[in-house]
Structure formats: structure tokens, C-alpha cells
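Inspection log for the structure reproduced underneath, given as C-alpha cells.
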Amino acid sequence: MEAPTKYFDFDSPKEAMNHYASWPQQVPWGLFPCRKCRGQGWEYDPDDPPDPVEGYKLVRRLKCEVCKGQKHSSLAEDKVAFEAYIEYHKNSYKQKMTEYEKHNITVESALAKLTADEVSALKKEWTQRRF
Ligand SMILES: [Zn+2]
């Protein structure tokens with residue numbers, strides 16, 4: 001089991017913004033990206049399917065319904081959405097880390113019951129198997 005990935009520092013709003021906003025370098029100080037379009041100002045038209053070859057390149061773009069193309073705002077809802085995003089990732093990371101630590105403790109306690117010969121025999125056996 002691999003350690004869970006921490007995508008950004010949860011105590012740094014700047015790093016969180018880099019992860020949250022579509023164009024983080026364009027977010028003005030004190031404003032928050034629109035909660036729906038994440039600061040893009042537009043969305044793909046759901047009635048215009050992507051081309052099998054060109055993908056989303058030629059899909060019609062509509063002005064975002066929530067921000068009307070304004071991209072960023074000082075609205076409380078947008079701030080709450082940004083904070084909820086940080087909170088969600090923080091809790092998700094904590095939960096995965098707890099699971100990971102619990103797994104490691106289980107593995108350690110299982111290995112502690114085995115002799116060195118048994119451990120090396122299992123290593124040889126398990127590196128050949130495909131799970
Ligand atoms: Zn928007």
C-alpha cells in the first residue's frame with residue numbers, strides 16, 4: 001500500500017488556490033474564483049457533444065450562469081466553496097492517512113510473528129506472484 005498523496009499544504013491558502021482555480025495566477029487578491037466555473041467564466045455546452053477526433057476543442061462555450069462571466073467575486077458563497085474545498089481535501093487526506101497507518105501497523109505486527117527465514121521465503125514467493 002502506498003502512502004496517500006498530499007496535493008497541497010492545507011494551511012497555505014495560496015497553494016490551495018493553485019489547486020482550486022482554473023487560472024490561479026489571475027485570481028485578484030481578496031477575491032475568490034466562481035464556485036461553478038472555478039474562475040474560467042465559461043462552461044462547455046452540455047447539449048454540444050465533444051467531437052470524436054477534435055475532442056472539446058470545438059465544443060460551444062457558454063457564459064457561466066453563476067458569475068455571468070465575471071470569473072472572480074467577493075461573494076460569501078464563493079469563499080465558503082473555496083474553504084469547503086480545502087476542508088474536503090484535508091479530511092480526505094486524514095482519513096486515507098489513518099487507513100494507511102492502520103495498514104502499516106497490521107503488516108508490522110504480522111511480520112513480527114515470523115522468523116527471518118519465513119520473511120525471506122515469503123518475499124521470494126510474493127515477488128513472483130501477480131495479484
Ligand atoms: Zn462562473
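Following the order of the C-alpha cells, first chain is A, next is B, and so on, with residues numbered from 1 inside each chain and ligands from 1 in the order they appear.
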Per-residue nearest contacts of stretch 31-100 of chain A to stretch 3-12 of chain A (9 Å; only C-alpha atoms) as CSV:
```
residue,atom,partner,partner_atom,distance
A:Ile86,CA,A:Phe10,CA,6.5
A:Glu87,CA,A:Phe10,CA,8.1
A:His89,CA,A:Phe10,CA,8.0
A:Lys90,CA,A:Phe10,CA,6.4
A:Tyr93,CA,A:Lys6,CA,6.7
A:Lys96,CA,A:Pro4,CA,6.2
A:Met97,CA,A:Pro4,CA,6.3
A:Tyr100,CA,A:Ala3,CA,6.4
```
List all protein, DNA and RNA residues that have an atom no more than 7 Å from any atom of ligand 1, counting only C-alpha atoms and all ligand atoms, and report them as a PyMOL selection string.
chain A and resi 34-42+64-71
Atoms kept (N, CA and C atoms) for selection, written as a PDB file, in the first residue's frame:
```pdb
ATOM      1  N   CYS A  34     -15.155  31.814  -9.055  1.00  0.00           N
ATOM      2  CA  CYS A  34     -16.558  31.391  -9.080  1.00  0.00           C
ATOM      3  C   CYS A  34     -16.644  29.922  -8.693  1.00  0.00           C
ATOM      4  N   ARG A  35     -17.622  29.591  -7.843  1.00  0.00           N
ATOM      5  CA  ARG A  35     -17.722  28.210  -7.339  1.00  0.00           C
ATOM      6  C   ARG A  35     -18.109  27.217  -8.432  1.00  0.00           C
ATOM      7  N   LYS A  36     -18.726  27.690  -9.495  1.00  0.00           N
ATOM      8  CA  LYS A  36     -19.151  26.747 -10.540  1.00  0.00           C
ATOM      9  C   LYS A  36     -18.078  26.559 -11.617  1.00  0.00           C
ATOM     10  N   CYS A  37     -17.512  27.642 -12.124  1.00  0.00           N
ATOM     11  CA  CYS A  37     -16.556  27.530 -13.234  1.00  0.00           C
ATOM     12  C   CYS A  37     -15.107  27.625 -12.760  1.00  0.00           C
ATOM     13  N   ARG A  38     -14.893  27.794 -11.452  1.00  0.00           N
ATOM     14  CA  ARG A  38     -13.543  27.867 -10.866  1.00  0.00           C
ATOM     15  C   ARG A  38     -12.701  28.980 -11.493  1.00  0.00           C
ATOM     16  N   GLY A  39     -13.360  30.072 -11.883  1.00  0.00           N
ATOM     17  CA  GLY A  39     -12.622  31.229 -12.381  1.00  0.00           C
ATOM     18  C   GLY A  39     -12.389  31.239 -13.876  1.00  0.00           C
ATOM     19  N   GLN A  40     -13.046  30.352 -14.603  1.00  0.00           N
ATOM     20  CA  GLN A  40     -12.891  30.362 -16.067  1.00  0.00           C
ATOM     21  C   GLN A  40     -13.833  31.365 -16.729  1.00  0.00           C
ATOM     22  N   GLY A  41     -15.024  31.517 -16.150  1.00  0.00           N
ATOM     23  CA  GLY A  41     -16.001  32.427 -16.721  1.00  0.00           C
ATOM     24  C   GLY A  41     -16.883  31.783 -17.785  1.00  0.00           C
ATOM     25  N   TRP A  42     -16.575  30.566 -18.163  1.00  0.00           N
ATOM     26  CA  TRP A  42     -17.397  29.868 -19.171  1.00  0.00           C
ATOM     27  C   TRP A  42     -17.445  28.381 -18.839  1.00  0.00           C
ATOM     28  N   CYS A  64     -20.695  31.411 -17.974  1.00  0.00           N
ATOM     29  CA  CYS A  64     -21.084  30.757 -16.709  1.00  0.00           C
ATOM     30  C   CYS A  64     -22.355  31.401 -16.156  1.00  0.00           C
ATOM     31  N   GLU A  65     -23.312  30.554 -15.777  1.00  0.00           N
ATOM     32  CA  GLU A  65     -24.603  31.051 -15.271  1.00  0.00           C
ATOM     33  C   GLU A  65     -24.459  31.727 -13.911  1.00  0.00           C
ATOM     34  N   VAL A  66     -23.557  31.241 -13.104  1.00  0.00           N
ATOM     35  CA  VAL A  66     -23.436  31.742 -11.732  1.00  0.00           C
ATOM     36  C   VAL A  66     -22.765  33.120 -11.701  1.00  0.00           C
ATOM     37  N   CYS A  67     -21.600  33.247 -12.362  1.00  0.00           N
ATOM     38  CA  CYS A  67     -20.851  34.506 -12.267  1.00  0.00           C
ATOM     39  C   CYS A  67     -21.069  35.402 -13.484  1.00  0.00           C
ATOM     40  N   LYS A  68     -21.804  34.971 -14.457  1.00  0.00           N
ATOM     41  CA  LYS A  68     -22.078  35.722 -15.701  1.00  0.00           C
ATOM     42  C   LYS A  68     -20.783  36.153 -16.384  1.00  0.00           C
ATOM     43  N   GLY A  69     -19.784  35.286 -16.311  1.00  0.00           N
ATOM     44  CA  GLY A  69     -18.508  35.566 -16.972  1.00  0.00           C
ATOM     45  C   GLY A  69     -17.560  36.446 -16.184  1.00  0.00           C
ATOM     46  N   GLN A  70     -17.922  36.770 -14.943  1.00  0.00           N
ATOM     47  CA  GLN A  70     -17.085  37.663 -14.125  1.00  0.00           C
ATOM     48  C   GLN A  70     -15.856  36.954 -13.547  1.00  0.00           C
ATOM     49  N   LYS A  71     -15.868  35.635 -13.516  1.00  0.00           N
ATOM     50  CA  LYS A  71     -14.767  34.783 -13.057  1.00  0.00           C
ATOM     51  C   LYS A  71     -14.522  34.801 -11.543  1.00  0.00           C
TER      52      LYS A  71
END
```
List every residue of chain A that DSSP, applied to the backbone, labels as helix (DSSP H, G or I), and write the result as an MDAnalysis selection string.
chainID A and resid 13:20 24:26 76:112 116:128
Selection from above, C-alpha atoms, as a compact mmCIF listing (two decimals), in the first residue's frame, can you write it?
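So part.txt came out as:
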```txt
# COMPACT_ATOMS: atom_id res chain seq x y z
CA PRO A 13 -4.41 29.35 1.07
CA LYS A 14 -2.08 30.22 -1.81
CA GLU A 15 -1.21 26.57 -2.50
CA ALA A 16 -4.85 25.61 -2.12
CA MET A 17 -5.78 28.31 -4.64
CA ASN A 18 -3.22 26.94 -7.11
CA HIS A 19 -5.01 23.63 -6.86
CA TYR A 20 -8.54 25.06 -6.87
CA PRO A 24 -4.67 30.73 -10.11
CA GLN A 25 -2.27 33.47 -11.20
CA GLN A 26 -5.24 35.55 -12.38
CA ALA A 76 -19.59 34.78 0.67
CA GLU A 77 -20.74 31.69 -1.30
CA ASP A 78 -17.54 31.64 -3.34
CA LYS A 79 -15.40 31.99 -0.22
CA VAL A 80 -17.36 29.21 1.51
CA ALA A 81 -16.93 26.97 -1.56
CA PHE A 82 -13.16 27.53 -1.51
CA GLU A 83 -12.95 26.80 2.23
CA ALA A 84 -15.13 23.72 1.80
CA TYR A 85 -12.74 22.53 -0.91
CA ILE A 86 -9.77 22.81 1.47
CA GLU A 87 -11.74 21.12 4.26
CA TYR A 88 -12.79 18.29 1.97
CA HIS A 89 -9.20 17.57 0.89
CA LYS A 90 -7.93 17.89 4.47
CA ASN A 91 -10.48 15.37 5.79
CA SER A 92 -9.99 13.04 2.85
CA TYR A 93 -6.22 13.08 3.38
CA LYS A 94 -6.59 12.49 7.13
CA GLN A 95 -8.91 9.54 6.52
CA LYS A 96 -6.54 7.97 3.96
CA MET A 97 -3.54 8.56 6.25
CA THR A 98 -5.33 6.86 9.17
CA GLU A 99 -6.14 3.91 6.94
CA TYR A 100 -2.53 3.80 5.73
CA GLU A 101 -1.09 3.87 9.27
CA LYS A 102 -3.52 1.19 10.40
CA HIS A 103 -2.43 -0.96 7.46
CA ASN A 104 1.25 -0.48 8.33
CA ILE A 105 0.66 -1.45 11.96
CA THR A 106 -1.15 -4.60 10.83
CA VAL A 107 1.69 -5.52 8.47
CA GLU A 108 4.33 -4.84 11.13
CA SER A 109 2.53 -6.96 13.73
CA ALA A 110 2.11 -9.80 11.20
CA LEU A 111 5.80 -9.67 10.25
CA ALA A 112 6.86 -9.59 13.91
CA ALA A 116 13.73 -14.06 9.43
CA ASP A 117 13.73 -17.23 7.30
CA GLU A 118 9.95 -17.15 6.94
CA VAL A 119 10.04 -13.47 5.94
CA SER A 120 12.69 -14.05 3.25
CA ALA A 121 10.77 -17.10 1.96
CA LEU A 122 7.59 -15.01 1.67
CA LYS A 123 9.50 -12.22 -0.10
CA LYS A 124 10.73 -14.68 -2.71
CA GLU A 125 7.27 -16.18 -3.10
CA TRP A 126 5.35 -12.87 -3.34
CA THR A 127 7.68 -11.11 -5.73
CA GLN A 128 6.99 -13.88 -8.26
```
Chain A: residues DSSP assigns to strand (DSSP E), reported as a PyMOL selection string
chain A and resi 32-33+42-44+61-63+72-73
Residue selection dump (N, CA and C atoms) as a PDB file, in the first residue's frame:
```pdb
ATOM      1  N   PHE A  32     -12.393  35.471  -4.777  1.00  0.00           N
ATOM      2  CA  PHE A  32     -12.395  34.014  -4.901  1.00  0.00           C
ATOM      3  C   PHE A  32     -12.963  33.615  -6.255  1.00  0.00           C
ATOM      4  N   PRO A  33     -12.421  32.533  -6.838  1.00  0.00           N
ATOM      5  CA  PRO A  33     -12.952  32.088  -8.125  1.00  0.00           C
ATOM      6  C   PRO A  33     -14.413  31.650  -7.983  1.00  0.00           C
ATOM      7  N   TRP A  42     -16.575  30.566 -18.163  1.00  0.00           N
ATOM      8  CA  TRP A  42     -17.397  29.868 -19.171  1.00  0.00           C
ATOM      9  C   TRP A  42     -17.445  28.381 -18.839  1.00  0.00           C
ATOM     10  N   GLU A  43     -18.374  27.719 -19.524  1.00  0.00           N
ATOM     11  CA  GLU A  43     -18.507  26.259 -19.371  1.00  0.00           C
ATOM     12  C   GLU A  43     -18.822  25.675 -20.734  1.00  0.00           C
ATOM     13  N   TYR A  44     -18.547  24.385 -20.900  1.00  0.00           N
ATOM     14  CA  TYR A  44     -18.921  23.730 -22.145  1.00  0.00           C
ATOM     15  C   TYR A  44     -20.430  23.546 -22.189  1.00  0.00           C
ATOM     16  N   ARG A  61     -18.949  27.079 -26.123  1.00  0.00           N
ATOM     17  CA  ARG A  61     -18.732  27.539 -24.748  1.00  0.00           C
ATOM     18  C   ARG A  61     -19.823  28.532 -24.377  1.00  0.00           C
ATOM     19  N   LEU A  62     -20.373  28.334 -23.177  1.00  0.00           N
ATOM     20  CA  LEU A  62     -21.418  29.232 -22.693  1.00  0.00           C
ATOM     21  C   LEU A  62     -20.884  30.047 -21.524  1.00  0.00           C
ATOM     22  N   LYS A  63     -21.392  31.261 -21.427  1.00  0.00           N
ATOM     23  CA  LYS A  63     -21.013  32.094 -20.292  1.00  0.00           C
ATOM     24  C   LYS A  63     -21.523  31.433 -19.016  1.00  0.00           C
ATOM     25  N   HIS A  72     -14.326  35.973 -10.963  1.00  0.00           N
ATOM     26  CA  HIS A  72     -13.986  36.057  -9.536  1.00  0.00           C
ATOM     27  C   HIS A  72     -14.953  36.997  -8.829  1.00  0.00           C
ATOM     28  N   SER A  73     -15.120  36.761  -7.527  1.00  0.00           N
ATOM     29  CA  SER A  73     -16.020  37.635  -6.786  1.00  0.00           C
ATOM     30  C   SER A  73     -15.636  37.670  -5.320  1.00  0.00           C
TER      31      SER A  73
END
```
Would you work out the distance separating atom CA of A:Lys57 from atom CA of A:Trp23, expressed in Å to one decimal?
18.3 Å
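Straight-line separation from atom CA of A:Leu58 to atom CA of A:Pro46: 12.9 Å.
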